[in-house]
Amino acid sequence: MALKPITVNTAASEPAHILAEDDAAIYEALIGDDRVLDIGGKLAATVISNNKVRVTDGVVVVGGHVARIYKGDYEDMTIENGVSGKKRNDLIVARFITGSDGGADSFKLVVIKGTAGTTASDPATVQGNLYNGDKQRDYPLWRVKIEGLSITKVEQLYEIGVTNADLSNSISQLKANIKTDAISLGNYDIPAGDMESISVNYTPPSGYKVAGFSINYPSRYTGGIRYRDNTFEGALYNISNNSGSYGVTVLLILMKE
């Protein structure tokens with residue numbers, strides 16, 4: 001199959017042409033890595049007993065495939081008994097398994113049981129690339145730490161996805177905190193093949209610091225210049241076979257402190 005049209009109307013007599021993997025490819029391209037989205041309870045976990053961890057509502061994306069626990073609902077995960085005097089890590093993961101030969105897919109929360117011992121380590125997960133044709137992908141959500149017969153802690157392992165509104169606000173805030181400036185470091189008449197030291201004071205406006213800068217060298221010059229202690233310092237080199245007076249300027253990026 002070559003190009004597959006997706007957002008097109010087809011004749012009512014034709015079979016459905018949009019599959020789960022089509023949507024998953026789009027969501028993976030837009031959302032990126034696996035993550036829990038910023039809505040509802042965000043799949044928060046609560047220890048109910050030494051054999052039960054409750055996962056609240058939210059939306060999770062694994063390899064572009066989306067699943068949710070409805071608002072106000074939850075899923076209880078069963079944790080097997082610990083061993084007296086031993087430690088163990090279990091993982092609660094969102095697991096997607098592709099159906100064989102076009103069959104039904106599986107997307108569930110599962111517990112991967114670790115191995116009890118004097119120290120605890122996480123059990124292995126499957127990190128297949130679903131887009132490339134792998135059949136299974138696990139996205140770790142919570143680490144359940146068990147000491148003896150008790151659950152001592154649950155640790156969050158997932159990231160919360162950033163919304164478009166969050167990105168827009170961050171960009172607006174960044175723009176408000178940054179401005180640019182341009183200054184001259186002076187004119188220099190350096191003999192061909194020679195060099196000259198440079199030291200020019202520059203104090204940023206009140207409330208700002210220098211976050212970055214770019215030196216605009218004349219075509220005949222190069223150099224090594226740094227900024228520290230409110231001073232641009234270094235050296236200029238005339239790499240041509242000709243002399244002449246040339247100006248050196250700096251474009252500055254200033255950030256609010």
# chains A, B, ... in the order shown; residues from 1 in each chain; ligands from 1
call {"tool": "select_by_dssp", "arguments": {"residues": "region 16-86 of chain A", "states": "helix (DSSP H, G or I)", "output": "number ranges by chain"}}
result
A: 20-31
call {"tool": "write_last_selection", "arguments": {"atoms": "C-alpha atoms", "output": "JSON list (two decimals), in the first residue's frame"}}
result
[["chain", "number", "residue", "atom", "x", "y", "z"],
["A", 20, "ALA", "CA", -6.32, 2.24, 15.53],
["A", 21, "GLU", "CA", -2.74, 2.27, 14.27],
["A", 22, "ASP", "CA", -3.59, 5.20, 11.99],
["A", 23, "ASP", "CA", -4.69, 7.33, 14.93],
["A", 24, "ALA", "CA", -1.77, 6.05, 17.00],
["A", 25, "ALA", "CA", 0.74, 7.20, 14.37],
["A", 26, "ILE", "CA", -0.78, 10.68, 14.39],
["A", 27, "TYR", "CA", -0.92, 10.93, 18.20],
["A", 28, "GLU", "CA", 2.64, 9.68, 18.58],
["A", 29, "ALA", "CA", 3.83, 12.32, 16.11],
["A", 30, "LEU", "CA", 1.92, 15.07, 17.96],
["A", 31, "ILE", "CA", 2.43, 14.00, 21.58]]
call {"tool": "closest_atom_pairs", "arguments": {"of": "region 105-161 of chain A", "to": "region 33-51 of chain A", "cutoff": "9 Å", "atoms": "only C-alpha atoms", "output": "JSON lines"}}
result
{"residue": "A:Tyr139", "atom": "CA", "partner": "A:Asp34", "partner_atom": "CA", "distance": 7.0}
{"residue": "A:Leu141", "atom": "CA", "partner": "A:Leu43", "partner_atom": "CA", "distance": 8.3}
{"residue": "A:Trp142", "atom": "CA", "partner": "A:Ala45", "partner_atom": "CA", "distance": 7.6}
{"residue": "A:Ile146", "atom": "CA", "partner": "A:Asn50", "partner_atom": "CA", "distance": 8.6}
{"residue": "A:Leu149", "atom": "CA", "partner": "A:Asn50", "partner_atom": "CA", "distance": 7.2}
{"residue": "A:Ser150", "atom": "CA", "partner": "A:Asn50", "partner_atom": "CA", "distance": 5.4}
{"residue": "A:Ile151", "atom": "CA", "partner": "A:Asn50", "partner_atom": "CA", "distance": 5.4}
{"residue": "A:Thr152", "atom": "CA", "partner": "A:Asn50", "partner_atom": "CA", "distance": 8.8}
{"residue": "A:Lys153", "atom": "CA", "partner": "A:Val47", "partner_atom": "CA", "distance": 8.2}
{"residue": "A:Val154", "atom": "CA", "partner": "A:Ala45", "partner_atom": "CA", "distance": 7.4}
{"residue": "A:Glu155", "atom": "CA", "partner": "A:Ala45", "partner_atom": "CA", "distance": 8.9}
{"residue": "A:Gln156", "atom": "CA", "partner": "A:Ala45", "partner_atom": "CA", "distance": 8.3}
{"residue": "A:Tyr158", "atom": "CA", "partner": "A:Arg35", "partner_atom": "CA", "distance": 6.3}
{"residue": "A:Glu159", "atom": "CA", "partner": "A:Arg35", "partner_atom": "CA", "distance": 5.5}
{"residue": "A:Ile160", "atom": "CA", "partner": "A:Val36", "partner_atom": "CA", "distance": 5.1}
{"residue": "A:Gly161", "atom": "CA", "partner": "A:Leu37", "partner_atom": "CA", "distance": 4.8}
call {"tool": "write_last_selection", "arguments": {"atoms": "N, CA and C atoms", "output": "JSON list (two decimals), in the first residue's frame"}}
result
[["chain", "number", "residue", "atom", "x", "y", "z"],
["A", 139, "TYR", "N", 4.63, 0.82, 29.66],
["A", 139, "TYR", "CA", 4.95, 2.17, 30.14],
["A", 139, "TYR", "C", 4.84, 2.16, 31.66],
["A", 141, "LEU", "N", 4.29, 3.16, 35.30],
["A", 141, "LEU", "CA", 3.58, 4.27, 35.94],
["A", 141, "LEU", "C", 4.00, 4.44, 37.40],
["A", 142, "TRP", "N", 4.01, 3.33, 38.14],
["A", 142, "TRP", "CA", 4.30, 3.40, 39.57],
["A", 142, "TRP", "C", 5.23, 2.26, 39.99],
["A", 146, "ILE", "N", 8.13, -2.72, 48.50],
["A", 146, "ILE", "CA", 7.64, -3.65, 49.52],
["A", 146, "ILE", "C", 8.80, -4.06, 50.40],
["A", 149, "LEU", "N", 6.28, -7.66, 54.78],
["A", 149, "LEU", "CA", 4.90, -7.88, 54.38],
["A", 149, "LEU", "C", 4.17, -6.57, 54.04],
["A", 150, "SER", "N", 4.89, -5.46, 54.10],
["A", 150, "SER", "CA", 4.22, -4.15, 53.97],
["A", 150, "SER", "C", 4.67, -3.40, 52.73],
["A", 151, "ILE", "N", 3.71, -2.67, 52.13],
["A", 151, "ILE", "CA", 4.03, -1.67, 51.11],
["A", 151, "ILE", "C", 4.49, -0.41, 51.82],
["A", 152, "THR", "N", 5.71, 0.00, 51.57],
["A", 152, "THR", "CA", 6.26, 1.17, 52.27],
["A", 152, "THR", "C", 6.12, 2.46, 51.48],
["A", 153, "LYS", "N", 6.01, 2.33, 50.15],
["A", 153, "LYS", "CA", 5.97, 3.54, 49.32],
["A", 153, "LYS", "C", 5.54, 3.19, 47.90],
["A", 154, "VAL", "N", 4.87, 4.13, 47.24],
["A", 154, "VAL", "CA", 4.67, 4.04, 45.79],
["A", 154, "VAL", "C", 5.32, 5.27, 45.17],
["A", 155, "GLU", "N", 6.13, 5.07, 44.14],
["A", 155, "GLU", "CA", 6.88, 6.15, 43.53],
["A", 155, "GLU", "C", 6.43, 6.37, 42.09],
["A", 156, "GLN", "N", 6.13, 7.60, 41.75],
["A", 156, "GLN", "CA", 5.68, 7.94, 40.41],
["A", 156, "GLN", "C", 6.84, 7.86, 39.42],
["A", 158, "TYR", "N", 6.15, 8.25, 35.82],
["A", 158, "TYR", "CA", 5.73, 8.84, 34.55],
["A", 158, "TYR", "C", 5.81, 10.36, 34.57],
["A", 159, "GLU", "N", 5.81, 10.93, 33.37],
["A", 159, "GLU", "CA", 5.78, 12.37, 33.21],
["A", 159, "GLU", "C", 4.37, 12.82, 32.85],
["A", 160, "ILE", "N", 4.01, 14.02, 33.30],
["A", 160, "ILE", "CA", 2.73, 14.61, 32.93],
["A", 160, "ILE", "C", 2.92, 15.40, 31.64],
["A", 161, "GLY", "N", 2.11, 15.13, 30.64],
["A", 161, "GLY", "CA", 2.22, 15.82, 29.38],
["A", 161, "GLY", "C", 1.89, 17.29, 29.50]]
call {"tool": "residues_around", "arguments": {"residues": "region 178-192 of chain A", "least_positions_apart": "2", "cutoff": "7 Å", "atoms": "only C-alpha atoms", "output": "compact mmCIF listing (two decimals) with C-alpha atoms, in the first residue's frame"}}
result
# COMPACT_ATOMS: atom_id res chain seq x y z
CA LEU A 174 9.98 33.54 28.18
CA LYS A 175 9.42 36.41 25.77
CA ALA A 176 8.58 38.71 28.67
CA ASP A 194 48.87 39.66 13.73
CA MET A 195 46.68 39.71 16.83
CA GLU A 196 45.49 42.19 19.44
CA VAL A 200 35.70 45.99 26.90
CA ASN A 238 43.76 39.26 11.40
CA ILE A 239 43.78 36.12 9.25
CA SER A 240 44.07 38.01 5.96
CA ASN A 241 47.01 39.39 4.06
CA ASN A 242 45.70 42.95 4.33
CA SER A 243 45.45 45.52 7.08
CA GLY A 244 42.58 47.92 7.73
CA SER A 245 40.31 49.33 10.40
CA TYR A 246 37.26 47.18 11.15
CA GLY A 247 34.51 47.24 13.74
CA VAL A 248 33.52 44.34 15.99
CA THR A 249 29.97 44.15 17.36
CA VAL A 250 28.15 41.87 19.79
CA LEU A 251 24.52 40.73 19.78
CA LEU A 252 23.43 40.03 23.37
CA ILE A 253 20.61 37.96 24.81
CA LEU A 254 19.57 39.36 28.18
CA MET A 255 17.41 37.54 30.72
CA LYS A 256 15.67 38.87 33.81
call {"tool": "closest_residue", "arguments": {"among": "A:Ile97, A:Ala104, A:Val66, A:Val110", "to": "Val53 (chain A)", "atoms": "only C-alpha atoms"}}
result
A:Val110
call {"tool": "residues_around", "arguments": {"residues": "Lys87 (chain A)", "least_positions_apart": "3", "cutoff": "10 Å", "atoms": "only C-alpha atoms", "output": "list in words"}}
result
Gly82, Val83, Ser84, Gly114, Thr115, Ala116, Gly117, Thr118, Thr119, Ala120, Ser121, Lys145, Ile146, Glu147, Gly148, Leu149, Ser150 and Ile151 of chain A
call {"tool": "closest_residue", "arguments": {"among": "A:Thr98, A:Asn201, A:Ser172, A:Gln127", "to": "His65 (chain A)", "atoms": "only C-alpha atoms"}}
result
A:Thr98
call {"tool": "atom_distance", "arguments": {"atom1": "CA of Lys113 (chain A)", "atom2": "CA of Thr78 (chain A)"}}
result
10.4 Å
call {"tool": "closest_residue", "arguments": {"among": "A:Asn177, A:Ser106, A:Asn230, A:Thr56", "to": "Gln136 (chain A)", "atoms": "only C-alpha atoms"}}
result
A:Ser106
call {"tool": "closest_residue", "arguments": {"among": "A:Leu236, A:Ile79, A:Ile112, A:Val55", "to": "Ala124 (chain A)", "atoms": "only C-alpha atoms"}}
result
A:Ile112
call {"tool": "atom_distance", "arguments": {"atom1": "CA of Gly58 (chain A)", "atom2": "CA of Asp105 (chain A)"}}
result
20.2 Å
call {"tool": "residues_around", "arguments": {"residues": "Glu257 (chain A)", "least_positions_apart": "4", "cutoff": "12 Å", "atoms": "only C-alpha atoms", "output": "JSON, numbers by chain"}}
result
{"A": [177, 178, 204, 205, 206, 207, 208, 209, 210, 211]}
call {"tool": "select_by_dssp", "arguments": {"residues": "region 54-228 of chain A", "states": "strand (DSSP E or B)", "output": "JSON, numbers by chain"}}
result
{"A": [54, 55, 56, 57, 58, 59, 60, 61, 62, 65, 66, 67, 68, 69, 70, 71, 72, 73, 74, 75, 76, 77, 78, 87, 88, 89, 90, 91, 92, 93, 94, 95, 96, 97, 106, 107, 108, 109, 110, 111, 112, 117, 127, 136, 137, 138, 139, 140, 141, 142, 143, 144, 145, 146, 147, 150, 151, 152, 153, 154, 155, 156, 160, 178, 179, 180, 181, 182, 183, 184, 185, 186, 187, 188, 189, 195, 196, 197, 198, 199, 200, 201, 208, 209, 210, 211, 212, 213, 214, 215, 216, 221, 222, 223, 224, 225, 226, 227, 228]}
